[in-house]
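Pasting protein.cif here (mmCIF, C-alpha atoms):
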data_final
#
loop_
_atom_site.label_atom_id
_atom_site.label_comp_id
_atom_site.auth_asym_id
_atom_site.auth_seq_id
_atom_site.Cartn_x
_atom_site.Cartn_y
_atom_site.Cartn_z
CA MET A 30 105.43 131.46 45.71
CA SER A 31 104.76 129.02 42.91
CA PRO A 32 103.65 125.45 43.60
CA SER A 33 107.09 124.15 42.57
CA GLU A 34 108.81 126.40 45.13
CA ARG A 35 106.72 125.58 48.14
CA THR A 36 107.93 123.20 50.85
CA THR A 37 105.90 121.33 53.43
CA ASP A 38 106.87 118.90 56.15
CA ARG A 39 103.91 116.49 56.17
CA VAL A 40 104.50 115.08 59.62
CA LEU A 41 101.87 114.40 62.26
CA ALA A 42 103.07 112.52 65.31
CA VAL A 43 102.19 112.42 69.00
CA TRP A 44 105.31 112.89 71.11
CA VAL A 45 103.65 112.90 74.56
CA PRO A 46 100.27 111.38 75.51
CA PRO A 47 97.69 113.31 77.57
CA GLU A 48 98.13 113.12 81.33
CA PHE A 49 97.10 114.83 84.53
CA VAL A 50 99.38 117.47 86.06
CA SER A 51 97.49 117.95 89.34
CA ASP A 52 95.00 115.63 91.04
CA GLY A 53 92.45 118.21 92.18
CA SER A 54 93.30 117.87 95.86
CA ASN A 55 93.71 121.65 96.16
CA GLY A 56 90.43 122.32 94.37
CA ILE A 57 91.94 122.66 90.88
CA LEU A 58 92.36 119.82 88.39
CA SER A 59 94.86 120.37 85.56
CA TRP A 60 96.11 118.28 82.66
CA VAL A 61 98.15 118.44 79.47
CA GLY A 62 96.83 117.31 76.12
CA PRO A 63 98.92 115.38 73.59
CA ALA A 64 102.14 117.03 72.45
CA LEU A 65 101.64 116.98 68.68
CA ARG A 66 104.35 117.38 66.04
CA THR A 67 102.79 119.13 63.04
CA PRO A 68 104.05 120.71 59.81
CA THR A 69 104.21 124.02 61.71
CA GLY A 70 106.01 122.83 64.83
CA LEU A 71 105.30 121.24 68.20
CA ARG A 72 102.08 122.10 70.02
CA LEU A 73 100.99 121.31 73.59
CA SER A 74 98.11 122.60 75.72
CA LEU A 75 97.59 122.85 79.48
CA ALA A 76 94.04 123.04 80.83
CA ALA A 77 92.63 123.52 84.31
CA GLU A 78 89.20 123.57 85.93
CA VAL A 79 87.85 124.27 89.39
CA VAL A 80 86.62 121.11 91.15
CA GLY A 81 86.44 122.34 94.76
CA ASP A 82 84.55 125.10 96.58
CA ALA A 83 87.71 126.56 98.14
CA ALA A 84 89.58 126.98 94.84
CA PRO A 85 90.53 130.50 93.74
CA SER A 86 89.24 132.11 90.57
CA LEU A 87 91.18 130.93 87.50
CA ARG A 88 91.08 134.38 85.93
CA SER A 89 94.49 134.94 87.52
CA TYR A 90 95.78 131.47 86.62
CA GLN A 91 99.58 131.52 86.48
CA VAL A 92 101.73 129.19 84.44
CA GLY A 93 105.32 129.37 83.24
CA VAL A 94 107.25 127.42 80.62
CA SER A 95 110.86 126.87 79.63
CA ALA A 96 112.45 124.77 76.92
CA LEU A 97 115.92 123.64 75.89
CA ALA A 98 116.45 122.41 72.32
CA ASN A 99 119.70 120.47 72.06
CA GLY A 100 120.78 122.15 75.29
CA VAL A 101 120.04 125.70 74.11
CA ALA A 102 117.30 127.86 75.63
CA THR A 103 114.48 128.18 73.10
CA ASP A 104 111.59 130.63 72.91
CA VAL A 105 108.17 129.09 73.42
CA GLY A 106 105.12 130.76 71.95
CA TRP A 107 101.98 130.72 74.02
CA GLY A 108 98.41 131.92 74.16
CA SER A 109 95.92 131.69 77.00
CA GLY A 110 92.33 132.26 78.04
CA SER A 111 90.55 131.93 81.37
CA SER A 112 87.34 132.38 83.33
CA ASP A 113 86.47 131.95 86.99
CA THR A 114 86.25 128.16 86.60
CA HIS A 115 88.37 127.22 83.57
CA ALA A 116 91.76 128.13 82.12
CA GLY A 117 93.76 127.02 79.12
CA THR A 118 97.22 127.76 77.78
CA THR A 119 98.68 126.58 74.47
CA PHE A 120 102.44 126.31 73.96
CA THR A 121 104.12 126.13 70.56
CA LEU A 122 107.69 125.41 69.50
CA PRO A 123 107.99 126.28 65.79
CA ASP A 124 110.79 125.68 63.30
CA LEU A 125 111.95 122.28 64.48
CA GLY A 126 113.70 121.71 61.16
CA PRO A 127 113.46 118.73 58.80
CA ASP A 128 112.94 115.28 60.29
CA THR A 129 116.52 114.32 59.45
CA THR A 130 117.76 116.80 62.08
CA PRO A 131 118.02 115.31 65.59
CA VAL A 132 116.20 117.42 68.18
CA ASP A 133 116.37 116.84 71.91
CA ILE A 134 113.86 119.02 73.80
CA GLU A 135 113.58 119.46 77.55
CA LEU A 136 110.20 121.05 78.23
CA THR A 137 109.12 122.21 81.69
CA ILE A 138 105.69 123.65 82.48
CA ASP A 139 105.40 125.26 85.91
CA ASP A 140 101.74 125.26 86.96
CA VAL A 141 102.17 127.97 89.60
CA THR A 142 98.52 128.06 90.70
CA THR A 143 98.32 124.33 91.47
CA ASP A 144 101.99 124.02 92.45
CA GLY A 145 102.38 121.22 89.94
CA PRO A 146 105.51 121.28 87.75
CA TRP A 147 105.40 119.01 84.70
CA ALA A 148 108.58 118.16 82.81
CA ARG A 149 109.27 115.89 79.88
CA ARG A 150 112.17 115.15 77.57
CA LEU A 151 111.24 114.85 73.90
CA SER A 152 113.55 113.55 71.22
CA ARG A 153 113.50 113.21 67.45
CA PRO A 154 114.17 110.82 65.81
CA ASN A 155 112.06 108.85 68.26
CA ASP A 156 111.27 105.17 67.94
CA ILE A 157 108.28 105.55 70.28
CA VAL A 158 105.16 106.91 68.59
CA TYR A 159 102.07 107.15 70.75
CA SER A 160 98.93 105.89 69.05
CA ALA A 161 95.26 105.86 70.01
CA PRO A 162 93.46 104.57 71.93
CA LEU A 163 95.48 105.73 74.91
CA GLY A 164 94.12 106.79 78.28
CA ASP A 165 95.14 107.91 81.74
CA PRO A 166 94.20 105.34 84.41
CA ARG A 167 93.37 108.12 86.91
CA GLY A 168 90.20 109.31 85.21
CA ARG A 169 88.47 110.76 82.16
CA LEU A 170 91.50 111.72 80.09
CA ALA A 171 92.23 109.89 76.85
CA MET A 172 93.46 110.20 73.29
CA LEU A 173 90.79 108.49 71.20
CA THR A 174 92.11 108.89 67.63
CA ASN A 175 95.39 109.53 65.88
CA PRO A 176 96.06 112.80 64.03
CA ALA A 177 95.35 112.76 60.30
CA PHE A 178 95.75 114.87 57.19
CA VAL A 179 92.42 115.60 55.50
CA THR A 180 93.71 117.24 52.29
CA ASP A 181 95.73 115.81 49.43
CA GLU A 182 99.46 116.38 49.33
CA ASP A 183 99.42 118.36 46.06
CA GLY A 184 96.63 120.80 46.97
CA PRO A 185 96.95 124.55 47.57
CA THR A 186 95.85 124.16 51.19
CA GLU A 187 97.19 121.73 53.77
CA ALA A 188 94.72 120.78 56.50
CA TRP A 189 94.89 118.31 59.33
CA ILE A 190 92.97 117.24 62.40
CA GLY A 191 94.80 116.63 65.66
CA PRO A 192 94.06 113.74 68.00
CA ILE A 193 90.49 113.67 69.25
CA THR A 194 90.75 113.71 73.03
CA LEU A 195 88.41 113.21 75.96
CA ASP A 196 89.10 115.27 79.06
CA PRO A 197 87.10 116.35 82.13
CA ASN A 198 85.43 119.04 79.98
CA GLY A 199 84.36 116.70 77.16
CA ILE A 200 85.54 115.99 73.61
CA GLU A 201 88.14 118.30 72.07
CA PHE A 202 90.15 118.44 68.84
CA LEU A 203 92.01 120.98 66.72
CA TYR A 204 91.58 121.55 63.00
CA THR A 205 94.35 123.45 61.20
CA ALA A 206 94.39 124.72 57.60
CA THR A 207 97.43 126.40 56.04
CA ALA A 208 97.75 128.16 52.68
CA LEU A 209 100.67 126.73 50.72
CA ASP A 210 100.69 128.87 47.56
CA GLU A 211 98.82 131.51 45.59
CA ARG A 212 96.09 129.04 44.52
CA ALA A 213 94.82 128.79 48.10
CA PRO A 214 91.52 130.47 48.98
CA SER A 215 91.37 133.27 51.53
CA ILE A 216 92.16 131.93 54.99
CA TRP A 217 90.38 134.90 56.56
CA ASP A 218 87.07 133.57 55.15
CA TYR A 219 87.70 129.91 56.00
CA GLU A 220 84.56 127.92 56.83
CA VAL A 221 84.58 124.58 58.62
CA ASP A 222 82.09 122.97 60.98
CA ALA A 223 81.60 119.67 62.78
CA VAL A 224 78.84 117.38 64.02
CA LEU A 225 79.46 114.84 66.79
CA ARG A 226 77.02 111.96 67.24
CA ALA A 227 77.17 109.49 70.11
CA ASN A 228 75.23 106.49 71.33
CA PHE A 229 73.72 108.82 73.96
CA GLY A 230 72.74 111.58 71.51
CA THR A 231 74.13 114.38 69.34
CA SER A 232 76.47 116.81 71.08
CA GLU A 233 76.78 120.48 70.25
CA VAL A 234 80.25 121.25 68.91
CA VAL A 235 81.55 124.75 69.63
CA ALA A 236 84.60 126.15 67.83
CA GLY A 237 87.14 128.72 68.94
CA GLU A 238 89.19 130.43 66.22
CA SER A 239 92.71 131.75 65.76
CA THR A 240 93.33 133.00 62.21
CA SER A 241 96.10 134.79 60.32
CA ALA A 242 96.60 135.51 56.62
CA THR A 243 98.09 132.04 56.00
CA ARG A 244 96.71 129.78 58.73
CA THR A 245 93.57 129.12 60.73
CA ILE A 246 93.35 126.95 63.85
CA ARG A 247 89.91 125.92 65.07
CA THR A 248 89.49 124.40 68.53
CA PHE A 249 86.37 122.26 68.58
CA GLN A 250 84.82 121.28 71.90
CA ALA A 251 81.75 119.22 72.79
CA PRO A 252 80.77 118.93 76.47
CA ILE A 253 79.86 115.51 77.84
CA PRO A 254 77.39 115.65 80.76
CA ASP A 255 78.43 113.94 83.99
CA ASP A 256 75.24 111.88 84.15
CA ILE A 257 75.82 109.98 80.89
CA ALA A 258 75.37 106.21 81.17
CA ASP A 259 78.28 103.88 81.73
CA THR A 260 80.80 103.25 78.96
CA PRO A 261 81.41 102.21 76.27
CA TRP A 262 80.69 105.50 74.53
CA ASP A 263 80.60 105.29 70.74
CA PHE A 264 81.10 108.42 68.62
CA GLU A 265 80.93 109.48 64.99
CA LEU A 266 82.51 112.79 63.99
CA THR A 267 81.70 114.43 60.67
CA LEU A 268 83.77 117.46 59.74
CA THR A 269 82.81 119.60 56.74
CA ASP A 270 85.49 121.87 55.31
CA HIS A 271 83.39 124.15 53.11
CA THR A 272 86.40 126.12 51.88
CA ALA A 273 88.41 123.08 50.79
CA GLY A 274 85.26 121.34 49.53
CA LEU A 275 85.61 118.12 51.50
CA ILE A 276 83.89 116.05 54.15
CA TRP A 277 85.93 113.99 56.60
CA SER A 278 84.50 111.55 59.13
CA THR A 279 85.66 108.98 61.65
CA GLU A 280 84.23 106.65 64.28
CA PHE A 281 85.78 106.10 67.70
CA SER A 282 84.95 104.88 71.22
CA TRP A 283 85.87 105.29 74.86
CA ASN A 284 85.69 102.23 77.12
CA GLY A 285 86.55 103.95 80.38
CA PRO A 286 89.84 104.62 82.21
CA THR A 287 92.62 102.16 81.51
CA SER A 288 93.73 99.85 84.25
#
What do you get writing this file as structure tokens?
Amino acid sequence: MSPSERTTDRVLAVWVPPEFVSDGSNGILSWVGPALRTPTGLRLSLAAEVVGDAAPSLRSYQVGVSALANGVATDVGWGSGSSDTHAGTTFTLPDLGPDTTPVDIELTIDDVTTDGPWARRLSRPNDIVYSAPLGDPRGRLAMLTNPAFVTDEDGPTEAWIGPITLDPNGIEFLYTATALDERAPSIWDYEVDAVLRANFGTSEVVAGESTSATRTIRTFQAPIPDDIADTPWDFELTLTDHTAGLIWSTEFSWNGPTS
């Protein structure tokens, strides 16, 4: 594909803010992250962690999902990972079409293990755009920054960072890079790392990776200890994309649960 033939839908928008799905009363706390509209589709994650001694192992964590797009049943891609104490599932709805096409999505996530169904109706065009800072009044769950493109529009690679969120596990964000034409470097060899500094010290940032020939998605996580001093917490994130040859940074804060 030549540069003149490529197409890209440079849209980053939060359609649903982060919120809790279960309250932990049965020993398991679960929550959804922001539903993010990206150039590759709609992406939403469900996470869970054990918070009580009587909770079962999350290695057998069960979750189901269904979606209707303009009233028609639509396939939802998903991927998951779990341990005895933590579980995560990512749902994707690709090929939403150009922004001029109205899309009405009914998305239902059935958290079987915690018996907590979560359902939302998403529409595009949508006059409501969720912007950071935005938090859940029930606890440590917040969207601290807005999503942003980190590469120029005319480059061979399109890369963006999703909203930086704070959840019961700590800081988390996704970094996605997509090859747009033959000028793009090898995605298989993509190198990107991050450093997170805070007013209480520098946190180790660990990345998980999902890579194909044309796209890499890195999930960056930095745990926040429970004994950190009272808010506000001030952060500075520096992300170095060695493959694209750029450095991107931002500053953000968390002032505690909203009222």
| task | Report the residues retrieved by the PyMOL selection byres ((chain A and resi 160) around 10) from the displayed file, expressed as JSON, numbers by chain. | result | {"A": [42, 43, 44, 46, 157, 158, 159, 161, 162, 163, 172, 173, 174, 175, 176, 192]}
| task | Please write as an MDAnalysis selection string the full residue list that the PyMOL selection byres ((chain A and resi 278) around 8) yields on this file. | result | chainID A and resid 265:268 276:277 279:280
Considering all atoms listed in the file, return as a PDB file with C-alpha atoms, in the frame of the given file whatever protein or nucleic-acid residues lie within 10 Å of range 108-125 of chain A, sequence-local ones (same chain, fewer than 5 positions apart) excluded.
ATOM      1  CA  ILE A  57      91.940 122.660  90.880  1.00  0.00           C
ATOM      2  CA  LEU A  58      92.360 119.820  88.390  1.00  0.00           C
ATOM      3  CA  SER A  59      94.860 120.370  85.560  1.00  0.00           C
ATOM      4  CA  TRP A  60      96.110 118.280  82.660  1.00  0.00           C
ATOM      5  CA  VAL A  61      98.150 118.440  79.470  1.00  0.00           C
ATOM      6  CA  GLY A  62      96.830 117.310  76.120  1.00  0.00           C
ATOM      7  CA  ALA A  64     102.140 117.030  72.450  1.00  0.00           C
ATOM      8  CA  LEU A  65     101.640 116.980  68.680  1.00  0.00           C
ATOM      9  CA  ARG A  66     104.350 117.380  66.040  1.00  0.00           C
ATOM     10  CA  THR A  67     102.790 119.130  63.040  1.00  0.00           C
ATOM     11  CA  PRO A  68     104.050 120.710  59.810  1.00  0.00           C
ATOM     12  CA  THR A  69     104.210 124.020  61.710  1.00  0.00           C
ATOM     13  CA  GLY A  70     106.010 122.830  64.830  1.00  0.00           C
ATOM     14  CA  LEU A  71     105.300 121.240  68.200  1.00  0.00           C
ATOM     15  CA  ARG A  72     102.080 122.100  70.020  1.00  0.00           C
ATOM     16  CA  LEU A  73     100.990 121.310  73.590  1.00  0.00           C
ATOM     17  CA  SER A  74      98.110 122.600  75.720  1.00  0.00           C
ATOM     18  CA  LEU A  75      97.590 122.850  79.480  1.00  0.00           C
ATOM     19  CA  ALA A  76      94.040 123.040  80.830  1.00  0.00           C
ATOM     20  CA  ALA A  77      92.630 123.520  84.310  1.00  0.00           C
ATOM     21  CA  GLU A  78      89.200 123.570  85.930  1.00  0.00           C
ATOM     22  CA  VAL A  79      87.850 124.270  89.390  1.00  0.00           C
ATOM     23  CA  VAL A  80      86.620 121.110  91.150  1.00  0.00           C
ATOM     24  CA  ALA A  84      89.580 126.980  94.840  1.00  0.00           C
ATOM     25  CA  PRO A  85      90.530 130.500  93.740  1.00  0.00           C
ATOM     26  CA  SER A  86      89.240 132.110  90.570  1.00  0.00           C
ATOM     27  CA  LEU A  87      91.180 130.930  87.500  1.00  0.00           C
ATOM     28  CA  ARG A  88      91.080 134.380  85.930  1.00  0.00           C
ATOM     29  CA  SER A  89      94.490 134.940  87.520  1.00  0.00           C
ATOM     30  CA  TYR A  90      95.780 131.470  86.620  1.00  0.00           C
ATOM     31  CA  GLN A  91      99.580 131.520  86.480  1.00  0.00           C
ATOM     32  CA  VAL A  92     101.730 129.190  84.440  1.00  0.00           C
ATOM     33  CA  GLY A  93     105.320 129.370  83.240  1.00  0.00           C
ATOM     34  CA  VAL A  94     107.250 127.420  80.620  1.00  0.00           C
ATOM     35  CA  ALA A  96     112.450 124.770  76.920  1.00  0.00           C
ATOM     36  CA  ALA A  98     116.450 122.410  72.320  1.00  0.00           C
ATOM     37  CA  THR A 103     114.480 128.180  73.100  1.00  0.00           C
ATOM     38  CA  THR A 130     117.760 116.800  62.080  1.00  0.00           C
ATOM     39  CA  PRO A 131     118.020 115.310  65.590  1.00  0.00           C
ATOM     40  CA  VAL A 132     116.200 117.420  68.180  1.00  0.00           C
ATOM     41  CA  ILE A 134     113.860 119.020  73.800  1.00  0.00           C
ATOM     42  CA  ILE A 138     105.690 123.650  82.480  1.00  0.00           C
ATOM     43  CA  ARG A 153     113.500 113.210  67.450  1.00  0.00           C
ATOM     44  CA  ASN A 198      85.430 119.040  79.980  1.00  0.00           C
TER      45      ASN A 198
END
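Closest approach to Pro214 in chain A among A:Asn55, A:Thr180, A:Ser95, A:Thr243 is made by A:Thr243 (distances from all atoms listed in the file).
Among A:Asp52, A:Asn228, A:Leu195, A:Ala148, the residue with the shortest atom-to-atom distance to Gly81 in chain A, counting only C-alpha atoms, is A:Asp52.
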Write out as a Markdown table a residue-level contact list of range 104-214 of chain A versus range 244-248 of chain A with cut-off 8 Å: for each qualifying residue the closest pair of atoms and the distance in Å to one decimal, counting only C-alpha atoms, rows sorted by chain and residue number upward.
| residue | atom | partner | partner_atom | distance |
| --- | --- | --- | --- | --- |
| A:Glu201 | CA | A:Thr248 | CA | 7.2 |
| A:Phe202 | CA | A:Thr248 | CA | 6.0 |
| A:Leu203 | CA | A:Thr248 | CA | 4.6 |
| A:Tyr204 | CA | A:Arg247 | CA | 5.1 |
| A:Thr205 | CA | A:Ile246 | CA | 4.5 |
| A:Ala206 | CA | A:Thr245 | CA | 5.5 |
| A:Thr207 | CA | A:Arg244 | CA | 4.4 |
| A:Ala208 | CA | A:Arg244 | CA | 6.3 |
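For the choices A:Ser232, A:Thr137, A:Ser54, A:Asn99, the atom-to-atom distance to Phe249 in chain A is smallest for A:Ser232 when using all atoms listed in the file.
Run against this file, the PyMOL selection byres ((chain A and resi 227) around 7) gives back Leu225, Arg226, Asn228, Phe229, Gly230, Thr231, Trp262, Asp263, Phe264 and Glu265 of chain A.
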Add whatever atoms are absent from range 109-120 of chain A to reach all heavy atoms, and provide the output as an mmCIF file, keeping the file's coordinate frame.
data_model
loop_
_atom_site.group_PDB
_atom_site.id
_atom_site.type_symbol
_atom_site.label_atom_id
_atom_site.label_comp_id
_atom_site.auth_asym_id
_atom_site.auth_seq_id
_atom_site.Cartn_x
_atom_site.Cartn_y
_atom_site.Cartn_z
ATOM 1 N N SER A 109 96.710 132.178 75.876
ATOM 2 C CA SER A 109 95.920 131.690 77.000
ATOM 3 C C SER A 109 94.559 132.354 77.053
ATOM 4 O O SER A 109 94.324 133.413 76.449
ATOM 5 C CB SER A 109 96.662 131.936 78.320
ATOM 6 O OG SER A 109 96.841 133.330 78.549
ATOM 7 N N GLY A 110 93.663 131.725 77.774
ATOM 8 C CA GLY A 110 92.330 132.260 78.040
ATOM 9 C C GLY A 110 91.834 131.680 79.341
ATOM 10 O O GLY A 110 92.199 130.562 79.718
ATOM 11 N N SER A 111 90.999 132.426 80.071
ATOM 12 C CA SER A 111 90.550 131.930 81.370
ATOM 13 C C SER A 111 89.219 132.555 81.757
ATOM 14 O O SER A 111 88.803 133.595 81.232
ATOM 15 C CB SER A 111 91.599 132.239 82.446
ATOM 16 O OG SER A 111 91.776 133.642 82.598
ATOM 17 N N SER A 112 88.559 131.889 82.695
ATOM 18 C CA SER A 112 87.340 132.380 83.330
ATOM 19 C C SER A 112 87.473 132.068 84.808
ATOM 20 O O SER A 112 88.528 131.634 85.277
ATOM 21 C CB SER A 112 86.113 131.717 82.717
ATOM 22 O OG SER A 112 86.106 130.329 83.030
ATOM 23 N N ASP A 113 86.403 132.253 85.568
ATOM 24 C CA ASP A 113 86.470 131.950 86.990
ATOM 25 C C ASP A 113 86.704 130.455 87.248
ATOM 26 O O ASP A 113 87.324 130.079 88.248
ATOM 27 C CB ASP A 113 85.184 132.377 87.699
ATOM 28 C CG ASP A 113 85.091 133.888 87.861
ATOM 29 O OD1 ASP A 113 86.150 134.543 87.922
ATOM 30 O OD2 ASP A 113 83.954 134.415 87.915
ATOM 31 N N THR A 114 86.221 129.606 86.336
ATOM 32 C CA THR A 114 86.250 128.160 86.600
ATOM 33 C C THR A 114 87.125 127.359 85.649
ATOM 34 O O THR A 114 87.395 126.193 85.920
ATOM 35 C CB THR A 114 84.833 127.588 86.531
ATOM 36 O OG1 THR A 114 84.271 127.871 85.235
ATOM 37 C CG2 THR A 114 83.944 128.203 87.605
ATOM 38 N N HIS A 115 87.561 127.958 84.545
ATOM 39 C CA HIS A 115 88.370 127.220 83.570
ATOM 40 C C HIS A 115 89.510 128.094 83.059
ATOM 41 O O HIS A 115 89.394 129.320 82.990
ATOM 42 C CB HIS A 115 87.508 126.766 82.376
ATOM 43 C CG HIS A 115 86.496 125.739 82.722
ATOM 44 N ND1 HIS A 115 85.282 126.058 83.306
ATOM 45 C CD2 HIS A 115 86.495 124.384 82.584
ATOM 46 C CE1 HIS A 115 84.589 124.951 83.497
ATOM 47 N NE2 HIS A 115 85.292 123.927 83.063
ATOM 48 N N ALA A 116 90.611 127.431 82.699
ATOM 49 C CA ALA A 116 91.760 128.130 82.120
ATOM 50 C C ALA A 116 92.452 127.207 81.135
ATOM 51 O O ALA A 116 92.442 125.985 81.292
ATOM 52 C CB ALA A 116 92.737 128.580 83.209
ATOM 53 N N GLY A 117 93.030 127.805 80.115
ATOM 54 C CA GLY A 117 93.760 127.020 79.120
ATOM 55 C C GLY A 117 94.924 127.813 78.559
ATOM 56 O O GLY A 117 94.809 129.016 78.336
ATOM 57 N N THR A 118 96.039 127.139 78.364
ATOM 58 C CA THR A 118 97.220 127.760 77.780
ATOM 59 C C THR A 118 97.790 126.822 76.718
ATOM 60 O O THR A 118 97.924 125.617 76.970
ATOM 61 C CB THR A 118 98.309 128.040 78.833
ATOM 62 O OG1 THR A 118 97.758 128.824 79.885
ATOM 63 C CG2 THR A 118 99.489 128.786 78.220
ATOM 64 N N THR A 119 98.104 127.361 75.554
ATOM 65 C CA THR A 119 98.680 126.580 74.470
ATOM 66 C C THR A 119 100.116 127.015 74.245
ATOM 67 O O THR A 119 100.409 128.207 74.128
ATOM 68 C CB THR A 119 97.880 126.763 73.171
ATOM 69 O OG1 THR A 119 96.542 126.305 73.381
ATOM 70 C CG2 THR A 119 98.505 125.956 72.034
ATOM 71 N N PHE A 120 101.022 126.052 74.179
ATOM 72 C CA PHE A 120 102.440 126.310 73.960
ATOM 73 C C PHE A 120 102.841 125.793 72.582
ATOM 74 O O PHE A 120 102.411 124.707 72.164
ATOM 75 C CB PHE A 120 103.283 125.623 75.030
ATOM 76 C CG PHE A 120 102.910 125.992 76.432
ATOM 77 C CD1 PHE A 120 102.130 125.135 77.197
ATOM 78 C CD2 PHE A 120 103.307 127.191 76.984
ATOM 79 C CE1 PHE A 120 101.766 125.465 78.488
ATOM 80 C CE2 PHE A 120 102.952 127.540 78.282
ATOM 81 C CZ PHE A 120 102.184 126.671 79.034
#
